[in-house]
There are 4 protein chains.
Amino acid sequence: MNIGFLGLGQMGEPLAANLVKAGHHLTVWNRTASKAAPLVKQGAKLANDIADAARNEIVCTMLADDSALQHILDDGLLDALPRNGIHLSFSSISVAMAEKLKKLHHDRGQHLVSAPVFGRPEAAAAAKLWVVVAGHPPVVAKIRPLLDAVSGNQVVDIGPDPVQANITKISGNFLIASALEAMGEAVALVRRYGVDPVQFIDFLTSTLFAAPVYKNYGAKIARNEYEPVGFRAPLGLKDMRQTIAAGEAKTIPLPMASLLHTQMLTAIAHYGVDADWSVIAKLAGDHGGTK
Amino acid sequence: MNIGFLGLGQMGEPLAANLVKAGHHLTVWNRTASKAAPLVKQGAKLANDIADAARNEIVCTMLADDSALQHILDDGLLDALPRNGIHLSFSSISVAMAEKLKKLHHDRGQHLVSAPVFGRPEAAAAAKLWVVVAGHPPVVAKIRPLLDAVSGNQVVDIGPDPVQANITKISGNFLIASALEAMGEAVALVRRYGVDPVQFIDFLTSTLFAAPVYKNYGAKIARNEYEPVGFRAPLGLKDMRQTIAAGEAKTIPLPMASLLHTQMLTAIAHYGVDADWSVIAKLAGDHGGTK
Amino acid sequence: MNIGFLGLGQMGEPLAANLVKAGHHLTVWNRTASKAAPLVKQGAKLANDIADAARNEIVCTMLADDSALQHILDDGLLDALPRNGIHLSFSSISVAMAEKLKKLHHDRGQHLVSAPVFGRPEAAAAAKLWVVVAGHPPVVAKIRPLLDAVSGNQVVDIGPDPVQANITKISGNFLIASALEAMGEAVALVRRYGVDPVQFIDFLTSTLFAAPVYKNYGAKIARNEYEPVGFRAPLGLKDMRQTIAAGEAKTIPLPMASLLHTQMLTAIAHYGVDADWSVIAKLAGDHGGTK
Amino acid sequence: MNIGFLGLGQMGEPLAANLVKAGHHLTVWNRTASKAAPLVKQGAKLANDIADAARNEIVCTMLADDSALQHILDDGLLDALPRNGIHLSFSSISVAMAEKLKKLHHDRGQHLVSAPVFGRPEAAAAAKLWVVVAGHPPVVAKIRPLLDAVSGNQVVDIGPDPVQANITKISGNFLIASALEAMGEAVALVRRYGVDPVQFIDFLTSTLFAAPVYKNYGAKIARNEYEPVGFRAPLGLKDMRQTIAAGEAKTIPLPMASLLHTQMLTAIAHYGVDADWSVIAKLAGDHGGTK
């Protein structure tokens with residue numbers, strides 16, 4: 001298939017690379033064009049501008065947030081994508097943005113498929129992401145091979161409305177953040193009573209909490225090691241803001257999401273904007289104890 | 001071994017039954033004596049009073065809370081347990097109570113081993129509990145066969161100080177409660193956007209959250225089914241209170257534990273004292289939505 | 001002075017009426033034009049459209065939120081206001097919107113003065129509002145008579161940057177909301193212990209808390225009476241959202257503002273979008289007590 | 001009247017001094033006897049022991065917390081106070097302790113009157129405290145002159161059950177703490193936007209929040225000055241714990257009280273056990289801002 005791909009950051013680049021590997025013809029674009037070099041070496045074509053990439057039957061986007069996506073739309077994507085063209089949106093955007101995007105495409109006779117992904121950059125490189133997809137079924141069927149290529153077939157179809165994939169991604173990230181904060185508080189507590197946090201996490205993650213999120217992050221939290229950075233705290237803050245906004249739009253109070261928003265902001269104030277979002281787990285231990 | 005066993009409730013009865021099955025001689029006692037009948041049928045001896053049960057080289061207790069244990073202590077256990085006798089405490093008590101208990105036994109030349117358990121009544125009956133044990137190593141070694149008998153060898157030794165087992169249990173229950181609340185909020189959110197909660201939970205619990213706590217409780221939350229009751233909400237409230245108190249004693253603020261305390265109390269106000277503690281997951285959905 | 005006035009709602013109408021009373025020539029505009037009738041009777045001129053009202057040396061706006069103001073800007077205000085014209089903004093808008101507005105006017109050689117007001121509709125009618133003003137000093141000096149006319153001279157100048165008036169208004173409303181929630185929890189508590197809430201509030205508001213906010217709202221909360229509606233809960237929710245966003249923009253975690261956002265949302269879910277915002281004080285009592 | 005007085009700390013000493021000034025015969029006792037010297041100089045008699053002070057028709061107590069009061073009870077007060085004797089309890093104790101105390105006295109044919117006070121040590125010295133009293137009316141009538149002497153007649157009778165005075169005191173302190181936190185967040189916010197916090201607080205406390213709590217504490221918070229210490233943070237933490245416990249006993253969730261408990265604990269972790277409780281207002285500013 002002839003595919004445009006916009007957004008070659010930490011996640012976008014490996015996604016695009018896996019599509020090239022699967023034999024697709026990619027025209028790639030990135031705000032900082034130099035990042036496209038490795039992909040061009042692998043056979044992708046460098047787009048002259050946004051419209052050049054978007055002038056395909058399928059255009060994929062993987063951007064940092066609502067605002068970055070808005071710029072791409074305004075700077076040519078919407079006008080260049082042909083009628084009946086498909087916008088395959090991988091970005092973690094808000095439900096408000098997804099609703100707006102859906103309408104914009106619909107008004108132009110274009111299609112939107114939302115397919116946000118779960119997994120860190122290493123998983124993207126290994127084509128082992130989990131993908132949640134939502135959209136009009138025949139359109140989803142058409143782009144399905146692309147999703148399989150980036151995920152090793154780990155795709156779940158969550159409904160006919162693109163927004164359903166976005167709310168699933170948002171809720172999933174909220175669940176991960178809640179696990180981070182909970183482990184942080186628990187580890188701070190047991191450590192102060194002389195329990196070895198590594199043994200504590202080992203016990204729980206080989207029994208009740210034997211799941212990747214708890215194992216991977218738990219090991220770091222128990223060792224008080226928060227590097228390398230895979231997902232920056234400001235992105236985690238954005239996720240919590242999106243969770244709260246999605247609840248507010250439906251009048252659903254989400255007290256834990258609000259707490260996590262406060263914690264994420266406190267963590268950024270303490271550890272800086274370049275820390276991994278898991279650093280919220282550091283707060284309970286660093287704050288605790290009388291001086 | 002000759003063993004006294006006090007407290008034959010939902011958890012104590014199956015624990016005692018498994019010790020009898022393993023060939024130990026049990027003298028059992030319960031505030032409501034009639035509950036001892038099945039055990040007596042299985043070969044246990046009915047104690048005349050607390051002292052009668054406690055007058056053994058090992059006395060096990062499984063009681064609902066600090067106050068129930070305090071009554072047992074005052075009404076004969078402390079005086080009847082011989083010098084060098086071992087108190088094997090299965091109850092989920094506060095760290096303040098555990099500290100006090102440790103001192104009381106120490107002053108009398110007796111030993112305390114804390115061995116709280118994770119698992120619901122069905123797991124207790126099947127001898128599939130997870131046991132966390134802490135105490136003086138040679139004493140723990142002596143009672144170890146008892147722990148293996150009730151757990152199918154799922155025992156983790158967490159340290160030499162009994163209190164370390166209690167704080168581990170408290171922190172573990174806090175982690176479970178945090179998962180309940182987080183799932184409740186996430187499910188309320190995705191449901192309102194038209195996502196099937198069962199599919200949402202299935203996806204997450206076969207990927208990032210593939211762990212017993214999320215699978216078992218998640219299935220109930222997705223189906224909005226909170227029965228049968230395995231662990232009542234007021235016991236969950238007690239756990240959150242114990243978590244906060246344990247943090248306070250070491251000047252560790254635990255914002256998520258405080259939030260869960262509020263949620264557990266709200267759930268009791270809404271759904272009653274006989275609801276399962278997982279009912280906190282019902283709040284977000286029941287509160288949400290404009291009337 | 002020749003003044004345009006846009007937005008004749010519950011607060012805008014009495015503001016405009018007091019400017020007419022003070023002898024100013026007003027050209028008024030409202031989305032629903034019929035609301036202008038009483039003002040026209042008092043001598044105001046009805047504008048043909050937004051541009052018609054904005055084509056004055058001073059244009060005042062009093063709109064419900066960011067989005068309503070944005071529409072006014074887009075539909076003619078920005079283009080019609082002359083170079084060196086003054087936009088006197090009474091609305092309670094976000095700091096992000098205020099920053100944006102400042103830049104838009106600056107780019108066109110126009111001036112922005114922010115002058116949000118404290119007080120309910122009755123106070124507006126009686127010209128007894130408190131006004132907080134911020135802007136370039138000579139410009140503020142010029143519009144100062146207008147502020148005196150609507151407030152009975154209760155004006156405080158808070159700084160040279162318009163945004164400073166907006167953050168003051170936002171923080172003031174946050175303080176009021178915190179007092180509402182605190183009184184609600186306290187009253188629910190003492191009532192359950194048999195203390196007469198009216199006597200409780202009387203005592204506190206004649207001693208430590210002898211201030212209008214506590215006296216006026218406290219009397220309602222103690223009597224469990226939340227009507228008439230002076231300020232609707234969704235506007236209170238907007239204020240809490242603006243508070244949190246203002247903090248987030250400067251990386252300041254505001255845990256109490258986050259809590260109040262959750263409570264306001266819960267109150268809307270329980271009591272509806274037409275309830276007065278003080279209804280958050282009803283939650284603690286309505287939720288409390290075992291069934 | 002012949003009166004015993006136990007507890008001569010920062011608050012107890014000036015209370016006792018004012019009773020002596022009013023012409024009463026005091027027998028005073030303090031754990032550290034040397035603190036009684038100034039009172040003895042003023043005419044009070046030094047008690048030999050607790051029983052010696054309690055062997056009067058009226059015994060007053062002013063102690064730091066439940067545990068200090070419990071020691072006094074156990075060490076002689078209960079046994080020494082005559083049948084029909086009155087225990088006038090000024091201490092800020094929990095409702096659970098007040099309930100227990102009521103029963104203990106009732107069982108001995110003694111009377112309990114609760115009369116906790118509002119005000120800092122300077123107000124106590126000036127006989128300008130506010131006193132909330134509750135108890136059996138004829139008994140309250142009898143001790144009323146004592147309350148007038150310590151308060152300059154600022155006494156409010158809140159009900160016939162002593163516990164009602166305690167819950168009023170607890171709720172009042174909760175309200176003060178909520179005002180501290182709210183002002184702290186608001187001041188941190190406006191300061192970061194360039195508003196002068198002193199001017200901000202001046203404006204609010206001469207209008208909507210013109211009350212002693214906001215004026216006195218607000219001035220300190222705006223100036224970021226938290227000395228001298230009038231009421232230590234651990235006592236504030238105790239108050240929040242008592243508020244939450246009082247709510248829990250009646251199944252009333254108090255989310256703001258829980259938040260304040262977390263904040264008070266965080267403040268102690270940051271600023272130490274000797275800081276004034278108002279230091280919770282410092283957190284938002286100290287945490288805020290990206291490094």
# chains A, B, ... in the order shown; residues from 1 in each chain; ligands from 1
>>> closest_atom_pairs(of="chain A", to="chain C", cutoff="12 Å", atoms="only C-alpha atoms", output="Markdown table")
| residue | atom | partner | partner_atom | distance |
| --- | --- | --- | --- | --- |
| A:Ala233 | CA | C:Thr251 | CA | 11.9 |
| A:Pro234 | CA | C:Thr251 | CA | 10.2 |
| A:Leu237 | CA | C:Glu248 | CA | 9.3 |
| A:Lys238 | CA | C:Glu248 | CA | 10.3 |
| A:Met240 | CA | C:Glu248 | CA | 11.8 |
| A:Arg241 | CA | C:Ala245 | CA | 9.4 |
| A:Ile244 | CA | C:Thr262 | CA | 9.2 |
| A:Ala245 | CA | C:Arg241 | CA | 9.4 |
| A:Gly247 | CA | C:Leu265 | CA | 9.2 |
| A:Glu248 | CA | C:Leu265 | CA | 7.1 |
| A:Ala249 | CA | C:Leu265 | CA | 10.1 |
| A:Lys250 | CA | C:Ala269 | CA | 9.4 |
| A:Thr251 | CA | C:Ala269 | CA | 6.1 |
| A:Ile252 | CA | C:Leu265 | CA | 7.0 |
| A:Pro253 | CA | C:Thr262 | CA | 5.4 |
| A:Leu254 | CA | C:Thr262 | CA | 6.7 |
| A:Pro255 | CA | C:Thr262 | CA | 6.0 |
| A:Met256 | CA | C:Thr262 | CA | 9.5 |
| A:Ala257 | CA | C:Thr262 | CA | 9.6 |
| A:Ser258 | CA | C:Ser258 | CA | 5.9 |
| A:Leu259 | CA | C:Ser258 | CA | 7.3 |
| A:Leu260 | CA | C:Ser258 | CA | 10.0 |
| A:His261 | CA | C:Ser258 | CA | 8.3 |
| A:Thr262 | CA | C:Pro253 | CA | 5.4 |
| A:Gln263 | CA | C:Pro253 | CA | 7.6 |
| A:Met264 | CA | C:Pro253 | CA | 8.6 |
| A:Leu265 | CA | C:Pro253 | CA | 5.6 |
| A:Thr266 | CA | C:Pro253 | CA | 5.7 |
| A:Ala267 | CA | C:Pro253 | CA | 9.3 |
| A:Ile268 | CA | C:Thr251 | CA | 7.3 |
| A:Ala269 | CA | C:Thr251 | CA | 6.1 |
| A:His270 | CA | C:Thr251 | CA | 9.9 |
| A:Tyr271 | CA | C:Thr251 | CA | 11.6 |
| A:Gly272 | CA | C:Thr251 | CA | 10.0 |
| A:Val273 | CA | C:Thr251 | CA | 9.9 |
>>> write_last_selection(atoms="N, CA and C atoms", output="tab-separated table (two decimals), in the first residue's frame")
chain	number	residue	atom	x	y	z
A	233	ALA	N	7.52	12.51	32.22
A	233	ALA	CA	6.46	12.89	33.15
A	233	ALA	C	5.44	13.88	32.56
A	234	PRO	N	5.86	14.87	31.76
A	234	PRO	CA	4.84	15.78	31.21
A	234	PRO	C	3.83	15.07	30.30
A	237	LEU	N	1.45	13.58	32.70
A	237	LEU	CA	0.56	14.65	33.19
A	237	LEU	C	-0.54	14.90	32.16
A	238	LYS	N	-0.16	14.95	30.90
A	238	LYS	CA	-1.14	15.14	29.82
A	238	LYS	C	-2.18	14.01	29.84
A	240	MET	N	-3.18	12.28	32.41
A	240	MET	CA	-4.10	12.44	33.54
A	240	MET	C	-5.09	13.58	33.25
A	241	ARG	N	-4.59	14.65	32.61
A	241	ARG	CA	-5.48	15.76	32.24
A	241	ARG	C	-6.55	15.27	31.27
A	244	ILE	N	-9.20	13.18	33.18
A	244	ILE	CA	-10.13	14.03	33.92
A	244	ILE	C	-11.10	14.73	32.98
A	245	ALA	N	-10.57	15.23	31.85
A	245	ALA	CA	-11.43	15.93	30.88
A	245	ALA	C	-12.46	14.98	30.27
A	247	GLY	N	-13.74	12.38	31.72
A	247	GLY	CA	-14.74	12.18	32.76
A	247	GLY	C	-15.66	13.39	32.87
A	248	GLU	N	-15.06	14.56	32.87
A	248	GLU	CA	-15.85	15.78	33.02
A	248	GLU	C	-16.89	15.92	31.90
A	249	ALA	N	-16.48	15.53	30.70
A	249	ALA	CA	-17.40	15.64	29.55
A	249	ALA	C	-18.64	14.78	29.73
A	250	LYS	N	-18.53	13.74	30.56
A	250	LYS	CA	-19.68	12.86	30.80
A	250	LYS	C	-20.16	12.95	32.25
A	251	THR	N	-19.71	13.99	32.95
A	251	THR	CA	-20.07	14.19	34.37
A	251	THR	C	-19.71	12.97	35.23
A	252	ILE	N	-18.55	12.42	35.02
A	252	ILE	CA	-18.09	11.30	35.84
A	252	ILE	C	-16.92	11.77	36.70
A	253	PRO	N	-17.13	11.91	38.01
A	253	PRO	CA	-16.02	12.29	38.88
A	253	PRO	C	-15.02	11.14	38.99
A	254	LEU	N	-13.74	11.45	38.88
A	254	LEU	CA	-12.69	10.44	38.92
A	254	LEU	C	-11.65	10.85	39.96
A	255	PRO	N	-11.96	10.61	41.24
A	255	PRO	CA	-11.07	11.12	42.29
A	255	PRO	C	-9.64	10.61	42.19
A	256	MET	N	-9.47	9.37	41.76
A	256	MET	CA	-8.11	8.86	41.68
A	256	MET	C	-7.34	9.53	40.54
A	257	ALA	N	-8.01	9.78	39.43
A	257	ALA	CA	-7.35	10.48	38.32
A	257	ALA	C	-6.93	11.88	38.77
A	258	SER	N	-7.77	12.54	39.56
A	258	SER	CA	-7.42	13.87	40.06
A	258	SER	C	-6.21	13.81	40.99
A	259	LEU	N	-6.19	12.80	41.84
A	259	LEU	CA	-5.04	12.63	42.72
A	259	LEU	C	-3.77	12.42	41.90
A	260	LEU	N	-3.86	11.59	40.87
A	260	LEU	CA	-2.67	11.29	40.07
A	260	LEU	C	-2.20	12.52	39.30
A	261	HIS	N	-3.13	13.37	38.91
A	261	HIS	CA	-2.76	14.63	38.26
A	261	HIS	C	-1.92	15.47	39.22
A	262	THR	N	-2.38	15.60	40.44
A	262	THR	CA	-1.62	16.34	41.46
A	262	THR	C	-0.25	15.72	41.69
A	263	GLN	N	-0.20	14.40	41.77
A	263	GLN	CA	1.07	13.73	42.03
A	263	GLN	C	2.04	13.91	40.86
A	264	MET	N	1.51	13.83	39.66
A	264	MET	CA	2.37	13.97	38.48
A	264	MET	C	2.97	15.38	38.43
A	265	LEU	N	2.15	16.34	38.79
A	265	LEU	CA	2.60	17.73	38.79
A	265	LEU	C	3.64	17.94	39.91
A	266	THR	N	3.40	17.34	41.05
A	266	THR	CA	4.36	17.43	42.15
A	266	THR	C	5.68	16.79	41.76
A	267	ALA	N	5.59	15.66	41.07
A	267	ALA	CA	6.80	14.97	40.63
A	267	ALA	C	7.59	15.81	39.64
A	268	ILE	N	6.90	16.47	38.74
A	268	ILE	CA	7.59	17.34	37.77
A	268	ILE	C	8.27	18.49	38.51
A	269	ALA	N	7.57	19.05	39.49
A	269	ALA	CA	8.15	20.15	40.28
A	269	ALA	C	9.41	19.67	41.00
A	270	HIS	N	9.42	18.42	41.45
A	270	HIS	CA	10.56	17.90	42.21
A	270	HIS	C	11.68	17.35	41.36
A	271	TYR	N	11.32	16.62	40.31
A	271	TYR	CA	12.34	15.87	39.58
A	271	TYR	C	12.58	16.38	38.16
A	272	GLY	N	11.80	17.36	37.77
A	272	GLY	CA	12.04	17.98	36.47
A	272	GLY	C	11.24	17.38	35.33
A	273	VAL	N	11.21	18.10	34.22
A	273	VAL	CA	10.38	17.70	33.08
A	273	VAL	C	10.98	16.54	32.29
>>> select_by_dssp(residues="segment 60-132 of chain C", states="strand (DSSP E or B)", output="PyMOL selection string")
chain C and resi 60-61+86-89+111-114+117-118+130-132
>>> atom_distance(atom1="atom CA of Pro160 of chain C", atom2="atom CA of Ser114 of chain C")
10.1 Å
>>> select_by_dssp(residues="segment 31-130 of chain D", states="helix (DSSP H, G or I)", output="ChimeraX atom specification")
/D:33-41,50-54,66-80,95-107,121-125
>>> residues_around(residues="Ala22 of chain C", least_positions_apart="3", cutoff="7 Å", atoms="only C-alpha atoms", output="list in words")
Asn18, Leu19 and Ala149 of chain C
>>> write_last_selection(atoms="C-alpha atoms", output="mmCIF file, in the first residue's frame")
data_model
loop_
_atom_site.group_PDB
_atom_site.id
_atom_site.type_symbol
_atom_site.label_atom_id
_atom_site.label_comp_id
_atom_site.auth_asym_id
_atom_site.auth_seq_id
_atom_site.Cartn_x
_atom_site.Cartn_y
_atom_site.Cartn_z
ATOM 1 C CA ASN C 18 -25.429 50.968 36.216
ATOM 2 C CA LEU C 19 -23.241 52.414 33.457
ATOM 3 C CA ALA C 149 -20.027 53.244 38.799
#
>>> residues_around(residues="segment 38-48 of chain C", least_positions_apart="2", cutoff="6 Å", atoms="only C-alpha atoms", output="PDB file with N, CA, C and O atoms, in the first residue's frame")
ATOM      1  N   LEU C  26     -24.393  53.951  26.020  1.00  0.00           N
ATOM      2  CA  LEU C  26     -24.104  52.537  25.756  1.00  0.00           C
ATOM      3  C   LEU C  26     -24.756  52.047  24.466  1.00  0.00           C
ATOM      4  O   LEU C  26     -25.929  52.337  24.200  1.00  0.00           O
ATOM      5  N   THR C  27     -23.959  51.276  23.720  1.00  0.00           N
ATOM      6  CA  THR C  27     -24.510  50.511  22.606  1.00  0.00           C
ATOM      7  C   THR C  27     -24.401  49.051  23.022  1.00  0.00           C
ATOM      8  O   THR C  27     -23.292  48.538  23.204  1.00  0.00           O
ATOM      9  N   VAL C  28     -25.547  48.408  23.193  1.00  0.00           N
ATOM     10  CA  VAL C  28     -25.536  47.076  23.807  1.00  0.00           C
ATOM     11  C   VAL C  28     -25.859  45.987  22.807  1.00  0.00           C
ATOM     12  O   VAL C  28     -26.589  46.198  21.830  1.00  0.00           O
ATOM     13  N   TRP C  29     -25.299  44.806  23.089  1.00  0.00           N
ATOM     14  CA  TRP C  29     -25.519  43.661  22.224  1.00  0.00           C
ATOM     15  C   TRP C  29     -25.625  42.406  23.089  1.00  0.00           C
ATOM     16  O   TRP C  29     -24.939  42.258  24.098  1.00  0.00           O
ATOM     17  N   ALA C  36     -32.092  42.749  25.672  1.00  0.00           N
ATOM     18  CA  ALA C  36     -31.625  44.136  25.705  1.00  0.00           C
ATOM     19  C   ALA C  36     -32.756  45.129  25.950  1.00  0.00           C
ATOM     20  O   ALA C  36     -32.515  46.308  26.246  1.00  0.00           O
ATOM     21  N   ASP C  52     -20.896  46.596  15.507  1.00  0.00           N
ATOM     22  CA  ASP C  52     -21.557  47.859  15.807  1.00  0.00           C
ATOM     23  C   ASP C  52     -21.299  48.267  17.265  1.00  0.00           C
ATOM     24  O   ASP C  52     -21.043  49.444  17.568  1.00  0.00           O
ATOM     25  N   ALA C  53     -21.349  47.295  18.170  1.00  0.00           N
ATOM     26  CA  ALA C  53     -21.092  47.597  19.588  1.00  0.00           C
ATOM     27  C   ALA C  53     -19.602  47.818  19.835  1.00  0.00           C
ATOM     28  O   ALA C  53     -19.205  48.629  20.677  1.00  0.00           O
TER      29      ALA C  53
END
>>> residues_around(residues="Thr243 of chain C", least_positions_apart="5", cutoff="7 Å", atoms="only C-alpha atoms", output="mmCIF file with N, CA and C atoms, in the first residue's frame")
data_model
loop_
_atom_site.group_PDB
_atom_site.id
_atom_site.type_symbol
_atom_site.label_atom_id
_atom_site.label_comp_id
_atom_site.auth_asym_id
_atom_site.auth_seq_id
_atom_site.Cartn_x
_atom_site.Cartn_y
_atom_site.Cartn_z
ATOM 1 N N ILE C 170 -9.873 34.079 39.882
ATOM 2 C CA ILE C 170 -9.871 32.611 39.915
ATOM 3 C C ILE C 170 -9.528 32.111 41.318
ATOM 4 N N SER C 171 -8.499 32.707 41.922
ATOM 5 C CA SER C 171 -8.071 32.277 43.252
ATOM 6 C C SER C 171 -9.119 32.620 44.297
ATOM 7 N N PHE C 174 -11.828 30.059 44.040
ATOM 8 C CA PHE C 174 -11.324 28.819 44.635
ATOM 9 C C PHE C 174 -11.434 28.884 46.156
ATOM 10 N N ALA C 257 -7.676 22.281 45.169
ATOM 11 C CA ALA C 257 -8.435 22.627 43.967
ATOM 12 C C ALA C 257 -8.867 21.370 43.224
#
>>> atom_distance(atom1="atom CA of Leu112 of chain A", atom2="atom CA of Ile72 of chain A")
14.9 Å
>>> closest_residue(among="C:Asp65, C:Asp74, C:Asp286, C:Glu227", to="Ala188 of chain C", atoms="only C-alpha atoms")
C:Asp286
>>> closest_residue(among="D:Arg83, D:Gly285, D:Lys215, D:Gly23", to="Val187 of chain D", atoms="only C-alpha atoms")
D:Gly285
>>> residues_around(residues="Leu15 of chain D", least_positions_apart="2", cutoff="8 Å", atoms="only C-alpha atoms", output="ChimeraX atom specification")
/D:11-13,17-19,124-125,127,150
